[in-house]
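Structure file query_14.csv (CSV, C-alpha atoms and all ligand atoms) is printed below.
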chain,number,residue,atom,x,y,z
A,1,MET,CA,36.4,3.0,4.6
A,2,MET,CA,34.4,1.4,1.8
A,3,LYS,CA,32.0,-1.3,3.0
A,4,THR,CA,32.0,-4.5,1.1
A,5,LEU,CA,28.6,-6.0,0.8
A,6,ILE,CA,27.9,-9.7,1.2
A,7,ARG,CA,26.0,-11.0,-1.7
A,8,ILE,CA,23.0,-13.0,-0.8
A,9,GLY,CA,21.1,-15.0,-3.4
A,10,CYS,CA,21.6,-14.8,-7.2
A,11,ALA,CA,20.5,-11.9,-9.3
A,12,ALA,CA,17.8,-13.7,-11.1
A,13,PHE,CA,14.4,-12.5,-10.0
A,14,MET,CA,11.3,-14.7,-9.7
A,15,ILE,CA,8.6,-13.3,-11.8
A,16,ALA,CA,5.2,-13.6,-10.0
A,17,ALA,CA,3.5,-16.7,-11.1
A,18,SER,CA,0.3,-15.9,-13.0
A,19,SER,CA,-1.1,-19.1,-11.6
A,20,LEU,CA,-1.2,-17.4,-8.2
A,21,ALA,CA,-3.6,-14.8,-9.5
A,22,GLY,CA,-6.5,-17.2,-8.9
A,23,ALA,CA,-9.8,-15.4,-8.6
A,24,SER,CA,-8.6,-11.9,-8.4
A,25,ASP,CA,-9.5,-9.7,-11.3
A,26,PRO,CA,-6.3,-8.6,-13.0
A,27,THR,CA,-8.1,-5.7,-14.8
A,28,LEU,CA,-8.7,-4.2,-11.4
A,29,ALA,CA,-5.4,-3.1,-9.8
A,30,ALA,CA,-3.3,-4.0,-12.8
A,31,THR,CA,-0.7,-1.8,-11.0
A,32,PRO,CA,-0.7,-1.3,-7.2
A,33,PRO,CA,-3.7,0.9,-6.2
A,34,MET,CA,-2.8,4.6,-5.5
A,35,GLY,CA,-4.9,7.1,-3.6
A,36,TRP,CA,-5.6,8.2,0.0
A,37,ASN,CA,-7.1,6.7,3.1
A,38,SER,CA,-8.5,8.5,6.0
A,39,TRP,CA,-7.2,6.3,8.9
A,40,ASN,CA,-3.6,7.2,9.5
A,41,HIS,CA,-4.3,10.9,10.1
A,42,PHE,CA,-8.0,11.2,10.9
A,43,ALA,CA,-8.7,7.8,12.5
A,44,CYS,CA,-12.3,7.9,13.9
A,45,LYS,CA,-12.6,11.6,13.7
A,46,VAL,CA,-13.1,11.5,9.9
A,47,THR,CA,-16.1,13.3,8.4
A,48,ALA,CA,-17.5,13.7,4.9
A,49,ALA,CA,-16.0,17.1,4.8
A,50,ASP,CA,-12.5,15.6,5.3
A,51,VAL,CA,-13.1,13.2,2.5
A,52,ARG,CA,-14.3,16.0,0.2
A,53,ALA,CA,-11.2,18.1,1.1
A,54,ALA,CA,-8.9,15.1,0.3
A,55,ALA,CA,-10.6,14.8,-3.1
A,56,ASP,CA,-10.3,18.5,-3.7
A,57,ALA,CA,-6.6,18.4,-2.9
A,58,ILE,CA,-5.9,15.3,-5.0
A,59,ALA,CA,-7.7,16.8,-8.0
A,60,SER,CA,-5.9,20.2,-7.8
A,61,ASP,CA,-2.4,19.8,-6.4
A,62,GLY,CA,-0.8,17.4,-8.8
A,63,MET,CA,-1.6,14.1,-7.0
A,64,LYS,CA,-4.2,13.0,-9.5
A,65,ASP,CA,-1.8,13.7,-12.3
A,66,ALA,CA,0.8,11.6,-10.4
A,67,GLY,CA,-1.6,8.6,-10.3
A,68,TYR,CA,-3.5,9.0,-7.0
A,69,ILE,CA,-7.1,8.0,-7.8
A,70,TYR,CA,-8.8,6.3,-4.9
A,71,VAL,CA,-10.2,8.4,-2.0
A,72,ASN,CA,-10.8,5.8,0.7
A,73,ILE,CA,-13.0,6.2,3.7
A,74,ASP,CA,-11.7,3.9,6.5
A,75,ASP,CA,-13.5,2.9,9.8
A,76,CYS,CA,-16.1,5.0,11.6
A,77,TRP,CA,-18.5,6.1,8.8
A,78,GLN,CA,-21.2,3.5,9.9
A,79,GLY,CA,-24.4,4.3,11.6
A,80,THR,CA,-27.2,1.8,12.4
A,81,ARG,CA,-29.1,-0.5,10.2
A,82,ASP,CA,-32.7,0.4,9.2
A,83,ASP,CA,-35.6,-2.0,9.8
A,84,GLN,CA,-34.8,-3.8,6.5
A,85,GLY,CA,-31.2,-4.3,7.7
A,86,ARG,CA,-29.7,-1.7,5.4
A,87,ILE,CA,-26.6,0.0,6.7
A,88,ARG,CA,-26.9,3.8,7.0
A,89,PRO,CA,-24.0,6.2,7.4
A,90,ASN,CA,-23.7,8.0,10.7
A,91,GLU,CA,-24.3,11.8,11.1
A,92,LYS,CA,-20.7,12.7,10.2
A,93,PHE,CA,-21.4,11.3,6.7
A,94,GLY,CA,-25.0,12.0,6.0
A,95,ASP,CA,-25.8,11.5,2.4
A,96,MET,CA,-23.3,8.9,1.2
A,97,LYS,CA,-24.5,9.0,-2.4
A,98,ALA,CA,-23.8,12.7,-2.6
A,99,LEU,CA,-20.3,12.2,-1.2
A,100,VAL,CA,-19.6,9.4,-3.8
A,101,ASP,CA,-20.9,11.6,-6.6
A,102,TYR,CA,-18.8,14.5,-5.5
A,103,VAL,CA,-15.6,12.4,-5.5
A,104,HIS,CA,-16.5,10.9,-8.9
A,105,SER,CA,-17.2,14.4,-10.2
A,106,LYS,CA,-13.5,15.1,-9.7
A,107,GLY,CA,-12.5,12.2,-11.9
A,108,LEU,CA,-11.5,10.1,-8.9
A,109,LYS,CA,-12.7,6.9,-7.4
A,110,ILE,CA,-13.9,6.2,-3.9
A,111,GLY,CA,-13.4,3.4,-1.3
A,112,ILE,CA,-15.3,2.2,1.7
A,113,TYR,CA,-14.5,-0.1,4.7
A,114,SER,CA,-16.2,-2.9,6.6
A,115,SER,CA,-15.5,-6.0,8.6
A,116,PRO,CA,-16.7,-9.6,8.1
A,117,GLY,CA,-17.4,-9.6,11.9
A,118,PRO,CA,-20.3,-8.1,13.8
A,119,LYS,CA,-18.2,-5.0,14.6
A,120,THR,CA,-15.3,-3.2,13.0
A,121,CYS,CA,-12.0,-2.6,14.8
A,122,ALA,CA,-13.3,0.7,16.2
A,123,GLY,CA,-16.6,-1.0,17.3
A,124,TYR,CA,-18.9,0.2,14.5
A,125,GLU,CA,-21.4,-2.0,12.6
A,126,GLY,CA,-19.7,-4.8,10.6
A,127,SER,CA,-21.1,-6.9,7.7
A,128,TYR,CA,-21.6,-10.2,9.6
A,129,ARG,CA,-24.8,-11.8,8.2
A,130,HIS,CA,-25.3,-8.8,5.9
A,131,GLU,CA,-22.6,-9.5,3.3
A,132,GLU,CA,-24.9,-9.6,0.2
A,133,GLN,CA,-26.9,-6.6,1.3
A,134,ASP,CA,-23.8,-4.5,2.1
A,135,ALA,CA,-22.1,-5.3,-1.2
A,136,GLN,CA,-25.3,-4.3,-3.0
A,137,GLN,CA,-25.5,-1.1,-1.0
A,138,TYR,CA,-21.9,-0.2,-1.7
A,139,ALA,CA,-22.5,-0.7,-5.4
A,140,GLU,CA,-25.7,1.3,-5.3
A,141,TRP,CA,-23.9,4.2,-3.7
A,142,GLY,CA,-21.2,3.8,-6.4
A,143,PHE,CA,-18.2,2.6,-4.4
A,144,ASP,CA,-15.1,1.4,-6.3
A,145,TYR,CA,-13.0,-0.2,-3.5
A,146,LEU,CA,-13.7,-2.1,-0.3
A,147,LYS,CA,-11.2,-2.7,2.5
A,148,TYR,CA,-12.5,-5.6,4.5
A,149,ASP,CA,-11.0,-5.8,8.0
A,150,TRP,CA,-11.0,-9.0,10.1
A,151,CYS,CA,-11.3,-7.4,13.6
A,152,SER,CA,-14.3,-9.0,15.5
A,153,ALA,CA,-14.7,-11.8,12.9
A,154,GLU,CA,-12.3,-13.5,15.3
A,155,ARG,CA,-15.2,-13.8,17.7
A,156,VAL,CA,-17.6,-15.6,15.3
A,157,TYR,CA,-15.3,-17.6,13.0
A,158,GLN,CA,-12.4,-19.9,13.3
A,159,ARG,CA,-9.1,-18.8,11.7
A,160,SER,CA,-9.4,-21.8,9.4
A,161,GLN,CA,-12.6,-20.3,7.9
A,162,MET,CA,-10.9,-17.1,7.0
A,163,ALA,CA,-10.4,-17.8,3.3
A,164,ASP,CA,-14.1,-18.7,2.9
A,165,VAL,CA,-15.2,-15.6,4.8
A,166,TYR,CA,-13.2,-13.4,2.5
A,167,LYS,CA,-14.5,-15.3,-0.6
A,168,LYS,CA,-18.0,-14.8,0.5
A,169,MET,CA,-17.7,-11.0,0.3
A,170,HIS,CA,-15.8,-11.2,-2.9
A,171,ASP,CA,-18.5,-13.2,-4.5
A,172,ALA,CA,-21.1,-10.8,-3.2
A,173,LEU,CA,-19.1,-7.9,-4.8
A,174,VAL,CA,-18.9,-9.7,-8.1
A,175,ARG,CA,-22.7,-10.3,-8.1
A,176,THR,CA,-23.2,-6.5,-7.9
A,177,GLY,CA,-21.8,-6.2,-11.4
A,178,ARG,CA,-19.7,-3.2,-10.4
A,179,PRO,CA,-15.9,-3.5,-10.6
A,180,ILE,CA,-14.8,-3.1,-6.9
A,181,VAL,CA,-11.2,-3.4,-5.8
A,182,PHE,CA,-11.1,-5.9,-2.9
A,183,SER,CA,-8.6,-5.1,-0.2
A,184,LEU,CA,-8.1,-7.9,2.4
A,185,CYS,CA,-7.0,-6.6,5.9
A,186,GLN,CA,-6.3,-9.4,8.3
A,187,TYR,CA,-2.7,-8.5,9.2
A,188,GLY,CA,-1.0,-11.3,7.3
A,189,TYR,CA,-2.6,-14.1,9.3
A,190,GLY,CA,-2.4,-17.6,7.8
A,191,ARG,CA,0.2,-16.5,5.2
A,192,VAL,CA,-2.5,-14.7,3.3
A,193,TRP,CA,-0.1,-14.0,0.4
A,194,ARG,CA,-0.5,-17.7,-0.4
A,195,TRP,CA,-4.3,-17.6,-0.8
A,196,GLY,CA,-5.4,-13.9,-1.0
A,197,ALA,CA,-5.6,-13.9,-4.7
A,198,SER,CA,-7.6,-17.1,-4.9
A,199,VAL,CA,-10.4,-15.6,-2.8
A,200,GLY,CA,-10.5,-12.5,-5.0
A,201,GLY,CA,-8.1,-10.2,-3.1
A,202,ASN,CA,-6.5,-7.5,-5.2
A,203,LEU,CA,-4.3,-6.6,-2.3
A,204,TRP,CA,-3.8,-8.0,1.2
A,205,ARG,CA,-2.2,-6.6,4.3
A,206,THR,CA,0.9,-8.5,5.2
A,207,THR,CA,1.4,-7.1,8.7
A,208,GLU,CA,-0.2,-5.5,11.7
A,209,ASP,CA,-0.6,-1.8,11.7
A,210,ILE,CA,2.0,0.8,10.6
A,211,ASN,CA,2.5,3.9,12.7
A,212,ASP,CA,4.3,7.2,12.1
A,213,HIS,CA,7.7,6.2,13.6
A,214,TYR,CA,10.8,5.1,11.8
A,215,ASP,CA,11.3,2.0,13.9
A,216,ARG,CA,7.8,0.6,13.1
A,217,MET,CA,7.8,1.7,9.4
A,218,SER,CA,11.2,0.2,8.8
A,219,VAL,CA,10.6,-3.1,10.5
A,220,ILE,CA,7.4,-3.6,8.4
A,221,GLY,CA,9.0,-2.5,5.1
A,222,PHE,CA,12.3,-4.4,5.4
A,223,ASP,CA,10.5,-7.5,6.6
A,224,GLN,CA,8.6,-7.8,3.3
A,225,ASN,CA,11.6,-9.5,1.8
A,226,GLY,CA,10.7,-13.0,0.6
A,227,LEU,CA,7.1,-12.1,-0.3
A,228,GLU,CA,7.9,-11.1,-3.8
A,229,PRO,CA,6.8,-14.3,-5.5
A,230,PHE,CA,3.2,-13.7,-4.4
A,231,ALA,CA,2.7,-10.2,-5.9
A,232,GLY,CA,1.9,-9.3,-9.5
A,233,PRO,CA,-0.7,-7.5,-11.6
A,234,GLY,CA,-4.1,-7.6,-10.0
A,235,HIS,CA,-2.9,-9.0,-6.6
A,236,TRP,CA,-0.4,-7.2,-4.4
A,237,ASN,CA,1.2,-7.5,-1.0
A,238,ASP,CA,0.1,-4.5,1.1
A,239,PRO,CA,2.6,-3.5,3.9
A,240,ASP,CA,0.0,-0.9,5.0
A,241,MET,CA,-0.7,2.8,4.1
A,242,LEU,CA,1.8,5.6,3.9
A,243,GLU,CA,2.6,7.9,6.9
A,244,VAL,CA,4.5,10.4,4.7
A,245,GLY,CA,3.7,13.9,6.0
A,246,ASN,CA,2.2,12.9,9.3
A,247,GLY,CA,5.1,14.5,11.2
A,248,GLY,CA,6.6,11.6,13.1
A,249,MET,CA,9.6,11.0,10.8
A,250,ASN,CA,12.3,13.2,9.4
A,251,HIS,CA,12.9,13.9,5.7
A,252,ASP,CA,15.4,11.1,5.2
A,253,GLU,CA,13.1,8.6,7.0
A,254,TYR,CA,10.1,9.6,4.8
A,255,LEU,CA,12.3,9.2,1.7
A,256,THR,CA,13.2,5.7,3.0
A,257,HIS,CA,9.5,4.9,3.5
A,258,MET,CA,8.5,6.0,0.0
A,259,SER,CA,11.5,4.4,-1.7
A,260,LEU,CA,10.9,1.1,0.0
A,261,TRP,CA,7.2,1.1,-0.7
A,262,VAL,CA,7.8,1.7,-4.5
A,263,LEU,CA,10.5,-1.0,-4.6
A,264,LEU,CA,8.0,-3.3,-3.0
A,265,ALA,CA,5.3,-2.5,-5.6
A,266,ALA,CA,3.2,-1.7,-2.6
A,267,PRO,CA,-0.2,0.1,-2.8
A,268,LEU,CA,0.5,3.8,-2.4
A,269,LEU,CA,-2.3,5.2,-0.1
A,270,ALA,CA,-1.3,8.5,1.3
A,271,GLY,CA,-2.3,8.7,5.0
A,272,ASN,CA,-1.8,12.4,5.8
A,273,ASP,CA,-4.1,15.5,5.8
A,274,LEU,CA,-3.8,16.4,2.1
A,275,SER,CA,-5.5,19.8,2.7
A,276,LYS,CA,-2.6,21.0,4.9
A,277,MET,CA,0.5,19.4,3.6
A,278,SER,CA,3.9,21.1,3.1
A,279,PRO,CA,5.5,21.4,-0.3
A,280,GLU,CA,8.2,19.0,0.9
A,281,THR,CA,5.5,16.3,1.6
A,282,LEU,CA,3.9,16.9,-1.7
A,283,ASP,CA,7.2,16.5,-3.5
A,284,ILE,CA,7.8,13.2,-1.8
A,285,LEU,CA,4.3,11.9,-2.7
A,286,THR,CA,4.3,13.1,-6.3
A,287,ASN,CA,7.9,12.5,-7.6
A,288,LYS,CA,6.9,10.9,-10.9
A,289,GLU,CA,10.2,9.0,-11.5
A,290,VAL,CA,9.8,7.4,-8.1
A,291,ILE,CA,6.1,6.5,-8.6
A,292,ALA,CA,7.0,5.0,-12.0
A,293,ILE,CA,9.0,2.3,-10.1
A,294,ASP,CA,5.9,1.4,-8.1
A,295,GLN,CA,3.6,1.4,-11.1
A,296,ASP,CA,6.0,-0.4,-13.5
A,297,ALA,CA,4.0,-2.6,-15.9
A,298,ARG,CA,5.9,-5.7,-15.1
A,299,GLY,CA,4.6,-5.6,-11.6
A,300,ILE,CA,7.6,-7.3,-10.0
A,301,GLN,CA,8.1,-6.8,-6.3
A,302,GLY,CA,11.6,-5.9,-5.4
A,303,ARG,CA,13.8,-7.7,-2.9
A,304,ARG,CA,17.0,-7.4,-0.9
A,305,ILE,CA,20.0,-8.4,-2.9
A,306,ALA,CA,22.7,-7.6,-0.4
A,307,GLN,CA,23.1,-6.7,3.2
A,308,GLU,CA,25.9,-5.8,5.6
A,309,GLY,CA,24.6,-5.1,9.1
A,310,PRO,CA,22.3,-2.1,8.8
A,311,LEU,CA,23.2,-1.4,5.2
A,312,GLU,CA,20.9,-3.0,2.6
A,313,VAL,CA,20.6,-3.0,-1.2
A,314,TRP,CA,17.2,-3.7,-2.7
A,315,ALA,CA,16.5,-4.1,-6.4
A,316,LYS,CA,13.4,-4.2,-8.6
A,317,PRO,CA,13.6,-5.1,-12.3
A,318,LEU,CA,11.6,-2.8,-14.6
A,319,ALA,CA,9.9,-3.1,-18.0
A,320,GLY,CA,12.5,-2.0,-20.6
A,321,GLY,CA,15.4,-3.6,-18.9
A,322,GLY,CA,16.4,-1.1,-16.2
A,323,ILE,CA,16.6,-2.0,-12.5
A,324,ALA,CA,15.5,0.3,-9.7
A,325,VAL,CA,18.0,0.1,-6.8
A,326,GLY,CA,17.6,1.4,-3.3
A,327,LEU,CA,20.7,1.8,-1.2
A,328,PHE,CA,19.4,2.0,2.4
A,329,ASN,CA,21.2,2.9,5.6
A,330,ARG,CA,19.2,1.7,8.7
A,331,GLY,CA,22.1,2.6,11.0
A,332,GLU,CA,22.6,5.6,13.3
A,333,SER,CA,25.4,7.2,11.4
A,334,ASN,CA,26.1,8.1,7.8
A,335,ASN,CA,27.8,5.4,5.7
A,336,PRO,CA,29.1,4.8,2.2
A,337,LEU,CA,27.4,1.9,0.4
A,338,THR,CA,28.2,0.2,-2.8
A,339,VAL,CA,26.0,-1.8,-5.2
A,340,ASN,CA,28.0,-4.2,-7.3
A,341,PHE,CA,26.5,-4.5,-10.8
A,342,LYS,CA,27.1,-8.3,-10.9
A,343,ASP,CA,24.7,-8.6,-8.0
A,344,LEU,CA,22.1,-7.0,-10.4
A,345,GLY,CA,22.9,-9.5,-13.1
A,346,LEU,CA,24.8,-6.9,-15.1
A,347,LYS,CA,28.1,-7.6,-16.7
A,348,ALA,CA,30.0,-4.4,-17.2
A,349,SER,CA,29.4,-0.7,-17.0
A,350,ALA,CA,26.0,0.8,-16.5
A,351,ASN,CA,24.3,4.2,-16.4
A,352,VAL,CA,23.0,5.4,-13.1
A,353,ARG,CA,20.2,8.0,-12.6
A,354,ASP,CA,19.2,9.4,-9.3
A,355,LEU,CA,15.4,9.3,-9.1
A,356,TRP,CA,14.7,11.6,-6.2
A,357,SER,CA,16.8,14.4,-7.7
A,358,HIS,CA,16.1,13.6,-11.4
A,359,LYS,CA,19.9,13.6,-12.2
A,360,ASP,CA,21.9,11.4,-14.5
A,361,LEU,CA,25.0,10.5,-12.5
A,362,GLY,CA,26.9,9.1,-15.4
A,363,SER,CA,28.3,5.7,-16.5
A,364,PHE,CA,30.0,3.5,-13.8
A,365,ARG,CA,32.2,0.4,-14.2
A,366,THR,CA,31.3,-2.7,-12.1
A,367,SER,CA,29.7,-0.8,-9.2
A,368,TYR,CA,28.2,2.4,-7.9
A,369,THR,CA,28.9,3.9,-4.4
A,370,ALA,CA,27.0,6.6,-2.6
A,371,ASP,CA,27.1,8.2,0.9
A,372,ILE,CA,23.9,7.3,2.6
A,373,PRO,CA,22.6,9.4,5.6
A,374,ARG,CA,21.5,7.8,8.8
A,375,HIS,CA,18.0,6.2,8.2
A,376,GLY,CA,18.3,7.5,4.6
A,377,VAL,CA,18.3,6.1,1.1
A,378,VAL,CA,19.7,6.8,-2.4
A,379,LEU,CA,17.3,5.5,-5.0
A,380,VAL,CA,18.7,5.0,-8.5
A,381,LYS,CA,17.8,3.5,-11.8
A,382,VAL,CA,20.6,1.4,-13.3
A,383,SER,CA,20.5,0.6,-17.0
A,384,GLU,CA,23.1,-1.1,-19.2
B,1,LIG,C1,-7.3,-2.0,11.9
B,1,LIG,C2,-6.6,-1.8,10.5
B,1,LIG,C3,-6.3,-0.3,10.3
B,1,LIG,C4,-7.6,0.5,10.4
B,1,LIG,C5,-8.3,0.3,11.7
B,1,LIG,C6,-9.7,0.9,11.8
B,1,LIG,O1,-6.4,-1.7,12.9
B,1,LIG,O2,-5.5,-2.6,10.4
B,1,LIG,O3,-5.7,-0.1,9.0
B,1,LIG,O4,-8.5,0.2,9.3
B,1,LIG,O5,-8.5,-1.1,12.0
B,1,LIG,O6,-10.3,0.7,13.0

Please express what this file holds, its structure, as structure tokens.
Amino acid sequence: MMKTLIRIGCAAFMIAASSLAGASDPTLAATPPMGWNSWNHFACKVTAADVRAAADAIASDGMKDAGYIYVNIDDCWQGTRDDQGRIRPNEKFGDMKALVDYVHSKGLKIGIYSSPGPKTCAGYEGSYRHEEQDAQQYAEWGFDYLKYDWCSAERVYQRSQMADVYKKMHDALVRTGRPIVFSLCQYGYGRVWRWGASVGGNLWRTTEDINDHYDRMSVIGFDQNGLEPFAGPGHWNDPDMLEVGNGGMNHDEYLTHMSLWVLLAAPLLAGNDLSKMSPETLDILTNKEVIAIDQDARGIQGRRIAQEGPLEVWAKPLAGGGIAVGLFNRGESNNPLTVNFKDLGLKASANVRDLWSHKDLGSFRTSYTADIPRHGVVLVKVSE
């Protein structure tokens, strides 16, 4: 039996207010940053060799061509400070400048990680009282991106100081003269989406950590609804990095993960071992029609336009007038699901194209219906 969806809200989309952009540099991250980050797969075991292998894979397997540019080292690269207070990499990283040069030689960019607190989340050296020096060091090494993770800052600052603490590092980065994407990681505390851009954030985590299970990924992803007014070119909501290919979800669940993240205009930071991925994983990560939704020049974050129990329809307006639509089934059995074109602000018939399979499905009058597998999705582009 056909499900009838309850329409919630009108089809008009709020375009991200440019006044929210504040101090964030819109030339950095004009579209959501794309790349790879070491944490979700390697965690604290990461080495310079893993980072080089990720860069090698991105440069040669089609990921760079699909838009993945940043190769980001997460926690656990830090050693001790020298007698001048300069941070040194630990023995797993050795010569940081050589690693940076290697990644740059592949036509890619590279990111680093620190905390405003004395220690990172994994207990390594943080930037507390060394902000200026660390920013200069990152620029000297040639880094292009910094993820700045609250962690032990909780011990030395009040939450009310958080915006100033982030601004301090942003100002230090600006003073280096090097363009460095600034990624705030403080798990969404204090409704960061309301002030992240004003302290120079190009992206800010909106949640606690993701993991490689459907329940966690889907709660995070579907809970982003309502944050769309705060995202736009240069300043993005970040529902955390991708788990695609890490093995904890099935194919439909990873398609849901990727489809939801592109509709959310989320940063796309692959979190798997790129040197060992299956062709199926590479296909999910590099589908160009799907990535184009994420990277669309209008930079509008999509939102839920209809819901009936576990069935949800999400939509994201695109440059050129089309609308990306995700038909999601969060339920435990397969279900048909309909998107009504009037809920998209469209009047009559429209053309529908399946983005995962690259197929024109034809012209439909007033609505489009598809069978959606358990935990799965159909992602289409609807154009009048
Ligand atoms: C926090 C962050 C993660 C990761 C780890 C590293 O949990 O949210 O993304 O950076 O710290 O220790």

Counting only C-alpha atoms, what are the residues of stretch 95-170 of chain A within 10 Å of stretch 203-222 of chain A, and for each of them which pair of atoms is the nearest and at what distance in Å, to one decimal? Sort the table by chain and rising number, as JSON lines.
{"residue": "A:Lys147", "atom": "CA", "partner": "A:Trp204", "partner_atom": "CA", "distance": 9.2}
{"residue": "A:Tyr148", "atom": "CA", "partner": "A:Trp204", "partner_atom": "CA", "distance": 9.6}
{"residue": "A:Asp149", "atom": "CA", "partner": "A:Arg205", "partner_atom": "CA", "distance": 9.6}

Go through chain A and flag each residue having an atom no more than 10 Å from ligand LIG 1 (chain B); for those, report the closest pair of atoms plus their distance in Å to one decimal, using all atoms listed in the file, ordered by chain and rising number, as a Markdown table.
| residue | atom | partner | partner_atom | distance |
| --- | --- | --- | --- | --- |
| A:Asn37 | CA | B:LIG1 | O4 | 9.1 |
| A:Ser38 | CA | B:LIG1 | O4 | 8.9 |
| A:Trp39 | CA | B:LIG1 | C4 | 6.0 |
| A:Asn40 | CA | B:LIG1 | O3 | 7.6 |
| A:Ala43 | CA | B:LIG1 | C6 | 7.0 |
| A:Cys44 | CA | B:LIG1 | O6 | 7.5 |
| A:Ile73 | CA | B:LIG1 | O4 | 9.4 |
| A:Asp74 | CA | B:LIG1 | O4 | 5.6 |
| A:Asp75 | CA | B:LIG1 | C6 | 4.7 |
| A:Cys76 | CA | B:LIG1 | O6 | 7.4 |
| A:Tyr113 | CA | B:LIG1 | O4 | 7.6 |
| A:Ser114 | CA | B:LIG1 | O4 | 8.7 |
| A:Ser115 | CA | B:LIG1 | O5 | 9.2 |
| A:Lys119 | CA | B:LIG1 | O6 | 9.9 |
| A:Thr120 | CA | B:LIG1 | O6 | 6.3 |
| A:Cys121 | CA | B:LIG1 | O6 | 4.1 |
| A:Ala122 | CA | B:LIG1 | O6 | 4.4 |
| A:Gly123 | CA | B:LIG1 | O6 | 7.8 |
| A:Tyr124 | CA | B:LIG1 | O6 | 8.7 |
| A:Lys147 | CA | B:LIG1 | O4 | 7.9 |
| A:Tyr148 | CA | B:LIG1 | O4 | 8.5 |
| A:Asp149 | CA | B:LIG1 | C2 | 6.5 |
| A:Trp150 | CA | B:LIG1 | C1 | 8.1 |
| A:Cys151 | CA | B:LIG1 | C1 | 6.9 |
| A:Leu184 | CA | B:LIG1 | O2 | 9.9 |
| A:Cys185 | CA | B:LIG1 | O2 | 6.2 |
| A:Gln186 | CA | B:LIG1 | O2 | 7.2 |
| A:Tyr187 | CA | B:LIG1 | O2 | 6.6 |
| A:Arg205 | CA | B:LIG1 | O2 | 8.0 |
| A:Thr207 | CA | B:LIG1 | O2 | 8.4 |
| A:Glu208 | CA | B:LIG1 | O2 | 6.2 |
| A:Asp209 | CA | B:LIG1 | O2 | 5.1 |
| A:Ile210 | CA | B:LIG1 | O3 | 7.9 |
| A:Asn211 | CA | B:LIG1 | O3 | 9.8 |
| A:Asp240 | CA | B:LIG1 | O3 | 7.0 |
| A:Met241 | CA | B:LIG1 | O3 | 7.6 |

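Each of A:Thr338, A:Leu28, A:Ala54, A:Tyr128 was checked against A:Tyr157 using all atoms listed in the file; the smallest atom-to-atom distance is that of A:Tyr128.
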
Counting only C-alpha atoms, what is within 8 Å of stretch 351-358 of chain A, bar same-chain residues fewer than 2 positions away, as a PDB file with C-alpha atoms, keeping the file's coordinate frame?
ATOM      1  CA  ASN A 287       7.900  12.500  -7.600  1.00  0.00           C
ATOM      2  CA  GLU A 289      10.200   9.000 -11.500  1.00  0.00           C
ATOM      3  CA  VAL A 290       9.800   7.400  -8.100  1.00  0.00           C
ATOM      4  CA  SER A 349      29.400  -0.700 -17.000  1.00  0.00           C
ATOM      5  CA  ASP A 360      21.900  11.400 -14.500  1.00  0.00           C
ATOM      6  CA  LEU A 361      25.000  10.500 -12.500  1.00  0.00           C
ATOM      7  CA  GLY A 362      26.900   9.100 -15.400  1.00  0.00           C
ATOM      8  CA  SER A 363      28.300   5.700 -16.500  1.00  0.00           C
ATOM      9  CA  PHE A 364      30.000   3.500 -13.800  1.00  0.00           C
ATOM     10  CA  TYR A 368      28.200   2.400  -7.900  1.00  0.00           C
ATOM     11  CA  VAL A 378      19.700   6.800  -2.400  1.00  0.00           C
ATOM     12  CA  LEU A 379      17.300   5.500  -5.000  1.00  0.00           C
ATOM     13  CA  VAL A 380      18.700   5.000  -8.500  1.00  0.00           C
ATOM     14  CA  LYS A 381      17.800   3.500 -11.800  1.00  0.00           C
ATOM     15  CA  VAL A 382      20.600   1.400 -13.300  1.00  0.00           C
ATOM     16  CA  SER A 383      20.500   0.600 -17.000  1.00  0.00           C
ATOM     17  CA  GLU A 384      23.100  -1.100 -19.200  1.00  0.00           C
TER      18      GLU A 384
END

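With distances restricted to only C-alpha atoms, A:Gly79 is the closest residue to A:Asp95 from A:Gly331, A:Gly79, A:Pro118, A:Gly299.
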
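For the choices A:Gly177, A:Gly200, A:Gly245, A:Pro336, the atom-to-atom distance to A:Ala370 is smallest for A:Pro336 when using only C-alpha atoms.
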
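Comparing A:Tyr102, A:Phe42, A:Phe230, A:Trp141 by their smallest distance to A:Asn246, the closest is A:Phe42 (using all atoms listed in the file).
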
Using only C-alpha atoms, which protein or nucleic acid residues come within 7 Å of A:Ser367? Drop anything in the same chain fewer than 4 positions from it, and give the result as a ChimeraX atom specification. /A:338-341

Which residues, protein or nucleic acid, reach to within 12 Å of (2.7, -12.9, -5.3) in the file's coordinates when using all atoms listed in the file, and can you give that as a PyMOL selection string? chain A and resi 14-22+24+191-198+201-204+206+224-238+264-266+299-302

Counting all atoms listed in the file, the residue among A:Arg374, A:Ala348, A:His251, A:Gly190 that lies closest to A:Ser160 is A:Gly190

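Considering all atoms listed in the file, the residue among A:Thr31, A:Gln136, A:Thr366, A:Ser152 positioned nearest to A:Tyr68 is A:Thr31.
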
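Atom pair atom CA of A:Thr47 / atom CA of A:Phe93 has a distance of 5.9 Å (rounded to one decimal).
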
Could you state the separation of atom CA of A:Gly126 and atom CA of A:Gln78 in Å, given to one decimal place? 8.5 Å

Neighbour list for A:Val100 as a PyMOL selection string, cut-off 8 Å, only C-alpha atoms, skip fewer than 5 positions in-chain: chain A and resi 110+141-143

With C-alpha atoms retained, could you export that selection as a compact mmCIF listing (two decimals), keeping the file's coordinate frame?
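out_34.txt, freshly written:
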# COMPACT_ATOMS: atom_id res chain seq x y z
CA ILE A 110 -13.90 6.20 -3.90
CA TRP A 141 -23.90 4.20 -3.70
CA GLY A 142 -21.20 3.80 -6.40
CA PHE A 143 -18.20 2.60 -4.40
